$ cat target_17.txt   # compact mmCIF, C-alpha atoms
# COMPACT_ATOMS: atom_id res chain seq x y z
CA MET Q 1 87.01 222.21 134.00
CA SER Q 2 83.35 222.58 133.09
CA ILE Q 3 81.16 219.56 133.81
CA ARG Q 4 77.54 219.34 132.70
CA TRP Q 5 75.39 218.51 135.70
CA ASN Q 6 74.37 214.93 136.27
CA ARG Q 7 73.10 213.65 139.60
CA HIS Q 8 75.64 210.87 139.98
CA LEU Q 9 79.26 211.15 141.03
CA ILE Q 10 81.00 207.83 141.64
CA ILE Q 11 83.97 207.16 143.94
CA LEU Q 12 85.94 203.97 143.30
CA TYR Q 13 88.15 202.97 146.21
CA ASP Q 14 90.13 200.17 147.83
CA LYS Q 15 88.19 198.94 150.87
CA GLN Q 16 91.24 197.57 152.65
CA ARG Q 17 93.48 200.64 152.26
CA GLY Q 18 91.29 203.55 151.23
CA SER Q 19 88.05 203.54 153.24
CA LEU Q 20 89.03 206.68 155.16
CA ILE Q 21 89.83 208.54 151.95
CA CYS Q 22 86.52 207.50 150.41
CA ASP Q 23 84.63 208.64 153.53
CA ALA Q 24 86.40 211.99 153.48
CA LEU Q 25 85.70 212.61 149.79
CA GLU Q 26 82.07 211.56 150.14
CA GLN Q 27 81.67 213.96 153.05
CA VAL Q 28 83.34 216.86 151.24
CA ILE Q 29 81.47 216.41 147.97
CA GLY Q 30 78.16 215.83 149.74
CA SER Q 31 78.49 219.07 151.70
CA ALA Q 32 79.57 221.05 148.61
CA PHE Q 33 76.77 219.68 146.40
CA PRO Q 34 73.74 218.60 148.46
CA GLY Q 35 71.82 217.68 145.29
CA CYS Q 36 74.52 215.34 144.04
CA ASP Q 37 74.12 211.58 144.50
CA VAL Q 38 77.53 210.27 145.54
CA VAL Q 39 77.86 206.55 144.83
CA THR Q 40 80.77 204.68 146.45
CA VAL Q 41 82.04 201.37 145.06
CA ASP Q 42 84.80 199.41 146.79
CA ASP Q 43 87.25 197.11 145.03
CA ALA Q 44 85.01 194.05 145.39
CA GLY Q 45 82.51 195.89 143.20
CA TYR Q 46 84.87 196.51 140.29
CA LEU Q 47 87.57 193.83 140.74
CA GLY Q 48 85.46 191.10 142.31
CA ALA Q 49 85.48 189.70 145.85
CA GLY Q 50 87.68 186.76 144.87
CA ASN Q 51 90.33 189.06 143.43
CA ARG Q 52 90.54 191.07 146.66
CA PHE Q 53 90.63 187.93 148.82
CA TRP Q 54 93.55 186.39 146.91
CA ARG Q 55 95.44 189.71 146.74
CA VAL Q 56 95.40 189.89 150.54
CA LYS Q 57 96.36 186.23 150.88
CA ALA Q 58 99.18 186.57 148.35
CA SER Q 59 100.62 189.72 149.96
CA ARG Q 60 100.76 188.02 153.36
CA PHE Q 61 102.25 184.82 151.95
CA TYR Q 62 105.03 186.61 150.06
CA ALA Q 63 105.73 188.93 152.98
CA GLY Q 64 106.22 185.98 155.31
CA LYS Q 65 107.92 183.53 152.96
CA ALA Q 66 109.61 185.52 150.20
CA PRO Q 67 109.70 189.31 150.71
CA PHE Q 68 112.38 189.55 148.02
CA LEU Q 69 109.65 188.70 145.49
CA ILE Q 70 107.64 191.74 146.64
CA ARG Q 71 110.71 193.91 146.05
CA TRP Q 72 111.29 192.34 142.65
CA PHE Q 73 107.67 192.74 141.50
CA SER Q 74 107.64 196.34 142.73
CA LYS Q 75 110.76 197.25 140.75
CA LEU Q 76 109.44 195.40 137.71
CA ASN Q 77 106.14 197.29 137.85
CA GLU Q 78 107.98 200.61 138.15
CA LYS Q 79 109.93 199.81 134.98
CA LYS Q 80 106.76 198.76 133.17
CA ASP Q 81 105.02 201.98 134.22
CA ALA Q 82 107.99 204.07 133.05
CA ASN Q 83 107.90 202.37 129.62
CA ARG Q 84 104.11 202.74 129.40
CA ILE Q 85 104.26 206.45 130.25
CA LYS Q 86 106.86 207.02 127.54
CA THR Q 87 104.76 205.10 125.00
CA GLU Q 88 101.63 207.07 125.90
CA ARG Q 89 103.47 210.39 125.57
CA ASP Q 90 104.89 209.40 122.19
CA ALA Q 91 101.42 208.37 120.98
CA ILE Q 92 99.96 211.72 122.07
CA LEU Q 93 102.73 213.69 120.31
CA SER Q 94 102.29 211.70 117.10
CA GLU Q 95 98.49 211.92 117.39
CA THR Q 96 98.27 208.16 117.06
CA PRO Q 97 95.29 206.81 119.03
CA GLU Q 98 96.05 203.78 121.14
CA LYS Q 99 94.04 200.72 120.16
CA LEU Q 100 92.02 198.74 122.68
CA SER Q 101 93.25 195.18 122.96
CA PHE Q 102 91.06 192.10 122.91
CA SER Q 103 91.85 191.42 126.59
CA ASP Q 104 90.81 194.98 127.54
CA ARG Q 105 87.47 194.63 125.79
CA HIS Q 106 86.77 191.31 127.51
CA ASN Q 107 88.28 192.04 130.93
CA ALA Q 108 85.72 191.21 133.64
CA ALA Q 109 86.85 194.07 135.89
CA ILE Q 110 86.53 196.62 133.07
CA GLY Q 111 83.14 195.12 132.24
CA ARG Q 112 81.97 195.81 135.80
CA ILE Q 113 82.91 199.48 135.47
CA VAL Q 114 81.24 199.64 132.03
CA ASN Q 115 78.07 198.41 133.74
CA ILE Q 116 78.48 201.12 136.41
CA PHE Q 117 78.76 203.72 133.62
CA LYS Q 118 75.58 202.48 131.94
CA ARG Q 119 73.62 202.13 135.16
CA PHE Q 120 74.38 205.51 136.74
CA ARG Q 121 75.49 207.60 133.74
CA PRO Q 122 77.78 209.64 136.03
CA ALA Q 123 79.15 213.11 135.36
CA VAL Q 124 82.34 212.31 137.25
CA ILE Q 125 84.20 209.22 138.40
CA VAL Q 126 86.75 209.69 141.17
CA ALA Q 127 89.44 207.00 141.37
CA THR Q 128 91.38 206.79 144.62
CA ASN Q 129 93.84 204.08 143.55
CA ARG Q 130 95.82 203.27 140.45
CA TYR Q 131 93.90 200.07 139.62
CA SER Q 132 90.48 201.70 139.50
CA LEU Q 133 91.94 204.62 137.53
CA LYS Q 134 93.32 202.33 134.82
CA LEU Q 135 90.05 200.40 134.54
CA THR Q 136 87.93 203.57 134.48
CA LEU Q 137 89.87 205.13 131.61
CA LEU Q 138 89.54 201.94 129.59
CA ALA Q 139 85.82 201.69 130.37
CA ARG Q 140 85.31 205.28 129.23
CA ARG Q 141 86.99 204.50 125.90
CA ILE Q 142 84.84 201.40 125.43
CA THR Q 143 81.55 203.20 126.18
CA GLY Q 144 82.45 206.51 124.54
CA MET Q 145 80.53 208.28 127.31
CA ASP Q 146 81.33 211.86 128.32
CA VAL Q 147 82.52 211.15 131.85
CA LYS Q 148 85.16 213.25 133.59
CA VAL Q 149 87.80 211.22 135.42
CA VAL Q 150 89.44 212.56 138.58
CA ALA Q 151 92.43 210.82 140.20
CA VAL Q 152 93.00 211.39 143.91
CA ILE Q 153 96.57 210.62 145.02
CA SER Q 154 96.31 210.53 148.81
CA ASP Q 155 99.89 209.44 149.35
CA PHE Q 156 103.13 211.15 150.28
CA ALA Q 157 104.90 209.85 147.14
CA LEU Q 158 103.99 209.08 143.54
CA SER Q 159 103.28 205.65 142.06
CA GLY Q 160 103.81 205.49 138.31
CA GLY Q 161 100.51 203.63 137.99
CA PHE Q 162 98.68 206.94 138.51
CA VAL Q 163 100.30 208.60 135.50
CA ARG Q 164 97.82 208.03 132.68
CA SER Q 165 96.76 210.03 129.66
CA GLY Q 166 93.08 210.97 129.66
CA VAL Q 167 92.81 211.97 133.34
CA ASP Q 168 90.88 215.25 133.55
CA LEU Q 169 92.07 216.29 137.00
CA TYR Q 170 94.57 215.17 139.64
CA LEU Q 171 94.01 216.03 143.31
CA VAL Q 172 97.32 215.46 145.12
CA GLU Q 173 98.58 215.61 148.67
CA ASN Q 174 101.74 217.70 148.29
CA GLU Q 175 104.00 219.75 146.02
CA SER Q 176 106.36 216.83 145.49
CA LEU Q 177 103.55 214.81 143.89
CA LYS Q 178 102.70 217.70 141.58
CA ASP Q 179 106.34 217.99 140.51
CA GLY Q 180 106.51 214.25 139.88
CA LEU Q 181 103.40 214.28 137.69
CA MET Q 182 104.71 217.23 135.70
CA ARG Q 183 108.02 215.45 135.09
CA CYS Q 184 105.98 212.60 133.65
CA GLY Q 185 104.31 214.99 131.21
CA VAL Q 186 101.04 215.84 133.00
CA ASP Q 187 99.84 219.40 132.32
CA ARG Q 188 100.24 221.57 135.43
CA ASP Q 189 96.71 222.94 134.91
CA LYS Q 190 95.34 219.45 135.55
CA ILE Q 191 97.02 219.14 138.96
CA VAL Q 192 95.64 220.64 142.18
CA ILE Q 193 97.31 220.36 145.58
CA SER Q 194 94.30 219.57 147.76
CA GLY Q 195 95.99 218.12 150.85
CA MET Q 196 95.15 214.86 152.55
CA PRO Q 197 91.43 214.00 152.70
CA PHE Q 198 90.53 213.81 156.38
CA VAL Q 199 87.59 212.52 158.44
CA GLU Q 200 86.85 213.06 162.09
CA LYS Q 201 87.01 209.33 162.92
CA GLN Q 202 90.78 209.56 162.42
CA SER Q 203 90.83 211.63 165.61
CA ALA Q 204 90.83 210.26 169.13
CA THR Q 205 87.36 210.76 170.61
CA ARG Q 206 87.87 209.19 174.05
CA PRO Q 207 89.94 210.30 177.04
CA ARG Q 208 93.27 208.49 177.21
CA GLU Q 209 92.51 206.56 180.41
CA GLU Q 210 89.16 205.36 179.09
CA ALA Q 211 90.78 204.18 175.85
CA ARG Q 212 93.46 202.30 177.78
CA LYS Q 213 90.83 200.50 179.86
CA LEU Q 214 88.84 199.56 176.77
CA LEU Q 215 91.99 198.11 175.22
CA GLY Q 216 92.56 196.03 178.35
CA LEU Q 217 95.77 197.70 179.54
CA SER Q 218 96.54 196.73 183.12
CA GLY Q 219 99.11 199.34 184.18
CA ASP Q 220 100.47 202.83 183.53
CA LEU Q 221 103.34 201.90 181.23
CA PRO Q 222 103.62 203.88 177.96
CA LEU Q 223 101.88 202.26 174.99
CA VAL Q 224 103.88 201.63 171.80
CA VAL Q 225 101.67 200.75 168.80
CA VAL Q 226 103.30 198.75 165.99
CA ASN Q 227 101.77 198.78 162.50
CA GLY Q 228 102.99 196.54 159.68
CA GLY Q 229 100.30 197.49 157.17
CA ASP Q 230 99.11 194.96 154.60
CA TYR Q 231 101.90 192.56 155.53
CA CYS Q 232 100.79 192.32 159.18
CA THR Q 233 104.35 192.98 160.47
CA ALA Q 234 105.72 189.90 158.67
CA THR Q 235 108.34 192.09 156.96
CA ILE Q 236 109.45 193.80 160.19
CA LYS Q 237 109.73 190.76 162.48
CA GLU Q 238 113.18 191.66 163.81
CA HIS Q 239 111.97 195.12 164.89
CA VAL Q 240 108.96 193.71 166.73
CA GLU Q 241 110.98 190.93 168.33
CA ARG Q 242 113.54 193.45 169.64
CA LEU Q 243 110.80 195.55 171.21
CA LEU Q 244 109.19 192.45 172.73
CA LYS Q 245 112.43 191.50 174.49
CA GLU Q 246 112.63 194.74 176.52
CA GLN Q 247 110.99 193.76 179.76
CA GLY Q 248 108.97 196.25 181.79
CA ARG Q 249 109.70 199.45 179.83
CA TYR Q 250 106.44 199.79 177.93
CA THR Q 251 103.38 197.90 176.71
CA LEU Q 252 103.14 196.90 173.07
CA LEU Q 253 100.02 196.90 170.93
CA VAL Q 254 100.75 195.02 167.69
CA LEU Q 255 98.31 195.41 164.80
CA THR Q 256 98.24 191.99 163.15
CA TYR Q 257 94.90 192.33 161.36
CA GLY Q 258 93.86 188.86 160.12
CA ASN Q 259 97.23 187.12 160.40
CA ALA Q 260 96.84 184.51 163.16
CA SER Q 261 100.24 182.86 162.62
CA ILE Q 262 102.25 186.05 163.15
CA ARG Q 263 100.14 186.75 166.23
CA ARG Q 264 101.01 183.36 167.73
CA HIS Q 265 104.70 183.95 166.93
CA TYR Q 266 104.83 187.25 168.82
CA LYS Q 267 102.70 185.99 171.70
CA LYS Q 268 105.17 183.17 172.34
CA ILE Q 269 108.08 185.64 172.55
CA ALA Q 270 106.10 187.97 174.83
CA GLU Q 271 105.37 185.11 177.24
CA GLU Q 272 109.05 184.19 177.31
CA TYR Q 273 110.12 187.73 178.21
CA ASP Q 274 107.10 188.49 180.42
CA ILE Q 275 106.06 191.67 178.62
CA GLU Q 276 102.50 192.93 178.34
CA VAL Q 277 101.51 192.79 174.70
CA LEU Q 278 98.12 193.27 173.07
CA PHE Q 279 97.01 192.38 169.57
CA LYS Q 280 94.29 193.93 167.44
CA GLN Q 281 92.90 192.39 164.28
CA GLU Q 282 90.90 195.46 163.26
CA LEU Q 283 92.06 199.05 163.51
CA ASP Q 284 89.81 201.20 165.71
CA TYR Q 285 91.27 204.65 164.98
CA PRO Q 286 89.66 206.64 167.84
CA LEU Q 287 90.57 203.98 170.41
CA VAL Q 288 94.13 203.18 169.31
CA PHE Q 289 95.21 206.78 168.76
CA ALA Q 290 93.66 207.91 172.04
CA ALA Q 291 95.76 205.41 173.99
CA ALA Q 292 99.04 205.43 172.01
CA ASP Q 293 102.20 207.20 173.20
CA ILE Q 294 104.46 206.23 170.26
CA ILE Q 295 103.76 204.80 166.80
CA VAL Q 296 106.16 202.39 165.10
CA SER Q 297 105.14 201.85 161.48
CA ILE Q 298 106.18 200.97 157.97
CA PRO Q 299 105.60 203.81 155.43
CA ASP Q 300 101.80 203.46 155.57
CA THR Q 301 100.67 206.95 154.53
CA HIS Q 302 97.17 207.03 155.99
CA PHE Q 303 98.23 205.47 159.28
CA VAL Q 304 101.18 207.86 159.66
CA PHE Q 305 99.02 210.87 158.79
CA SER Q 306 96.51 209.80 161.46
CA ALA Q 307 99.39 209.85 163.96
CA PHE Q 308 100.12 213.43 162.87
CA VAL Q 309 96.46 214.35 163.39
CA ASN Q 310 96.56 212.94 166.92
CA SER Q 311 99.98 214.40 167.91
CA ILE Q 312 101.73 211.06 168.35
CA PRO Q 313 105.43 210.83 167.40
CA VAL Q 314 106.31 208.26 164.74
CA VAL Q 315 109.28 205.92 164.42
CA LEU Q 316 109.30 205.08 160.72
CA LEU Q 317 110.71 201.82 159.39
CA ASP Q 318 111.80 201.60 155.77
CA GLY Q 319 109.53 199.49 153.56
CA ILE Q 320 110.24 196.94 150.87
CA THR Q 321 108.47 198.33 147.78
CA VAL Q 322 109.62 201.22 145.61
CA LEU Q 323 106.67 203.35 146.74
CA GLU Q 324 107.36 202.63 150.42
CA HIS Q 325 110.99 203.70 149.95
CA ASP Q 326 109.79 206.94 148.34
CA VAL Q 327 107.32 207.63 151.17
CA TYR Q 328 110.10 206.95 153.69
CA ARG Q 329 112.44 209.40 151.94
CA TYR Q 330 109.74 212.08 151.79
CA LEU Q 331 108.88 211.88 155.50
CA VAL Q 332 112.48 211.59 156.66
CA GLY Q 333 113.58 214.38 154.30
CA ASN Q 334 110.95 216.68 155.80
CA ALA Q 335 112.01 215.69 159.35
CA LEU Q 336 108.48 214.60 160.23
CA VAL Q 337 109.43 211.21 161.70
CA THR Q 338 112.28 209.46 163.50
CA PRO Q 339 113.85 207.09 160.94
CA SER Q 340 114.97 203.55 161.66
CA LYS Q 341 116.83 201.13 159.39
CA ASN Q 342 117.27 198.20 161.79
CA ALA Q 343 115.96 196.69 165.01
CA GLU Q 344 118.48 198.38 167.31
CA GLU Q 345 117.72 201.79 165.81
CA THR Q 346 114.02 201.14 166.38
CA TYR Q 347 114.56 200.32 170.03
CA ALA Q 348 116.86 203.36 170.50
CA ALA Q 349 114.33 205.67 168.82
CA VAL Q 350 111.49 204.44 171.05
CA GLU Q 351 113.66 204.90 174.14
CA GLU Q 352 114.61 208.43 173.10
CA LEU Q 353 111.02 209.49 172.56
CA LEU Q 354 110.03 208.02 175.93
CA VAL Q 355 112.75 209.68 178.02
CA ASP Q 356 113.58 212.88 176.08
CA ALA Q 357 110.64 215.26 176.56
CA GLU Q 358 112.19 217.95 174.33
CA ARG Q 359 112.70 215.56 171.44
CA ARG Q 360 109.14 214.30 171.77
CA LYS Q 361 107.77 217.84 171.85
CA GLU Q 362 109.82 218.82 168.79
CA MET Q 363 108.52 215.91 166.71
CA ILE Q 364 104.90 216.55 167.72
CA GLU Q 365 105.23 220.22 166.78
CA ARG Q 366 106.62 219.28 163.36
CA GLU Q 367 103.75 216.85 162.77
CA GLN Q 368 101.15 219.40 163.82
CA ARG Q 369 102.53 222.08 161.50
CA TYR Q 370 102.31 219.65 158.60
CA TYR Q 371 98.81 218.49 159.51
CA LEU Q 372 97.47 222.04 159.96
CA LYS Q 373 98.99 223.06 156.64
CA GLN Q 374 97.16 220.18 154.93
CA LYS Q 375 93.94 221.02 156.74
CA ALA Q 376 94.15 224.65 155.61
CA LEU Q 377 94.04 223.61 151.95
CA ALA Q 378 90.24 223.51 152.28
CA PRO Q 379 89.28 220.50 150.13
CA THR Q 380 85.64 221.62 149.99
CA LEU Q 381 86.67 224.73 148.06
CA THR Q 382 88.92 222.63 145.85
CA VAL Q 383 86.06 220.37 144.85
CA ARG Q 384 83.73 223.31 144.23
CA GLU Q 385 86.18 225.40 142.22
CA PHE Q 386 88.05 222.78 140.21
CA LEU Q 387 85.37 220.21 139.51
CA ALA Q 388 83.07 223.11 138.58
CA ILE Q 389 79.93 221.01 138.72
CA ASN Q 390 77.00 223.29 138.00
CA PRO Q 391 73.97 222.90 140.30
CA PRO Q 392 70.92 221.20 138.82
CA PRO Q 393 68.21 223.43 137.33
CA PRO Q 394 65.09 224.11 139.44
CA ASP Q 395 62.34 221.52 139.21
CA GLY Q 396 60.56 221.67 135.89
CA GLU Q 397 63.37 223.51 134.08
CA GLU Q 398 65.97 222.18 131.68
$ encode --input "target_17.txt" --output "structure tokens"
Amino acid sequence: MSIRWNRHLIILYDKQRGSLICDALEQVIGSAFPGCDVVTVDDAGYLGAGNRFWRVKASRFYAGKAPFLIRWFSKLNEKKDANRIKTERDAILSETPEKLSFSDRHNAAIGRIVNIFKRFRPAVIVATNRYSLKLTLLARRITGMDVKVVAVISDFALSGGFVRSGVDLYLVENESLKDGLMRCGVDRDKIVISGMPFVEKQSATRPREEARKLLGLSGDLPLVVVNGGDYCTATIKEHVERLLKEQGRYTLLVLTYGNASIRRHYKKIAEEYDIEVLFKQELDYPLVFAAADIIVSIPDTHFVFSAFVNSIPVVLLDGITVLEHDVYRYLVGNALVTPSKNAEETYAAVEELLVDAERRKEMIEREQRYYLKQKALAPTLTVREFLAINPPPPDGEE
């Protein structure tokens, strides 16, 4: 893909879920093209701060009060995406241009991206989530500007929201994603397997004992880290409660992020069973992964991949959305994690990884092979070869 040089390349990302991916892409592109101004815009910049705030609040509310609604909305969105993809393909085959609706032309979020187009006049916009991708494609149609759009799918499984006509290039994590895009009608020449974007701050940078002291651990018991992702473990309460009731076997570190009510709930159980339990509201990757012995997590791709990077075995709990189920199937199908469907299986899996040294070694070796394979994909070369951004002319030349 040939792109006429322009100093600005813009990365649109989700601050809550995709900061690591944005950092990795910015680092890779900056090293490949020193003369390129990389502009990063998080979701508050193109969706609005209020939108992000209420999305987080809503996800936590539904997870705690009505998780069945999350399942229902997820399945509904998958059906809507499938119908949209079919409609888009039919329109392309019939050469019938899709009309912009009134709501699209007056959508505040699209308007923000239109303003970004006009302000920076970028050569490329890189979208790291399906929302920013949709808005960017609409903004390009409204402005008529010659901007190349790149979609980065840094997940183990495919969300239908990423499948959109008009994308110039897809950078995907694995072969399964490429196959999925092709089944949806995306040209294979527009899809590049680039691996998982990676930054050094995903790696543990402190010795284990120092990290344990900084976390406030008082003894030598193994540390089990529990991650519930956006839902702050509200959807996996029974798993956490089962682990909390096992006195004296290990210490738990529960990532609850900003959810104070779930933190109080678990703390009360821990006091009843006299187990050492820590809580963290913000994820400090180098500290947590330096101290952890086992990870228990929902299908949170970036968190699980960070465990692979740091050679920590993962007990994977099935999620509640369609995408989480697909991520679960991918990881379990590739034997990269120990699967768990219920609280007893979670406890048994943790016990096995603590007492069975051979099983632990086997899982770490599988993770490392996968991680090293992803690392070997050399994303810097991918950006250079497939974005094909020509360097700027020397000063004074056009």
$ closest_residue --input "target_17.txt" --among "Q:Tyr250, Q:Tyr285, Q:Phe198, Q:Tyr273" --to "Val355 in chain Q" --atoms "all atoms listed in the file"
Q:Tyr250
$ residues_around --input "target_17.txt" --residues "range 286-291 of chain Q" --least-positions-apart "6" --cutoff "10 Å" --atoms "all atoms listed in the file" --output "VMD selection string"
chain Q and resid 200 to 215 217 222 to 225 253 255 280 306 to 307 309 to 312
$ atom_distance --input "target_17.txt" --atom1 "CA of Gly30 in chain Q" --atom2 "CA of Val304 in chain Q"
26.3 Å
$ closest_residue --input "target_17.txt" --among "Q:Pro339, Q:Pro67, Q:Gly18, Q:Gly45" --to "Val152 in chain Q" --atoms "only C-alpha atoms"
Q:Gly18
$ atom_distance --input "target_17.txt" --atom1 "CA of Arg359 in chain Q" --atom2 "CA of Val315 in chain Q"
12.4 Å
$ atom_distance --input "target_17.txt" --atom1 "CA of Phe102 in chain Q" --atom2 "CA of Ile142 in chain Q"
11.5 Å
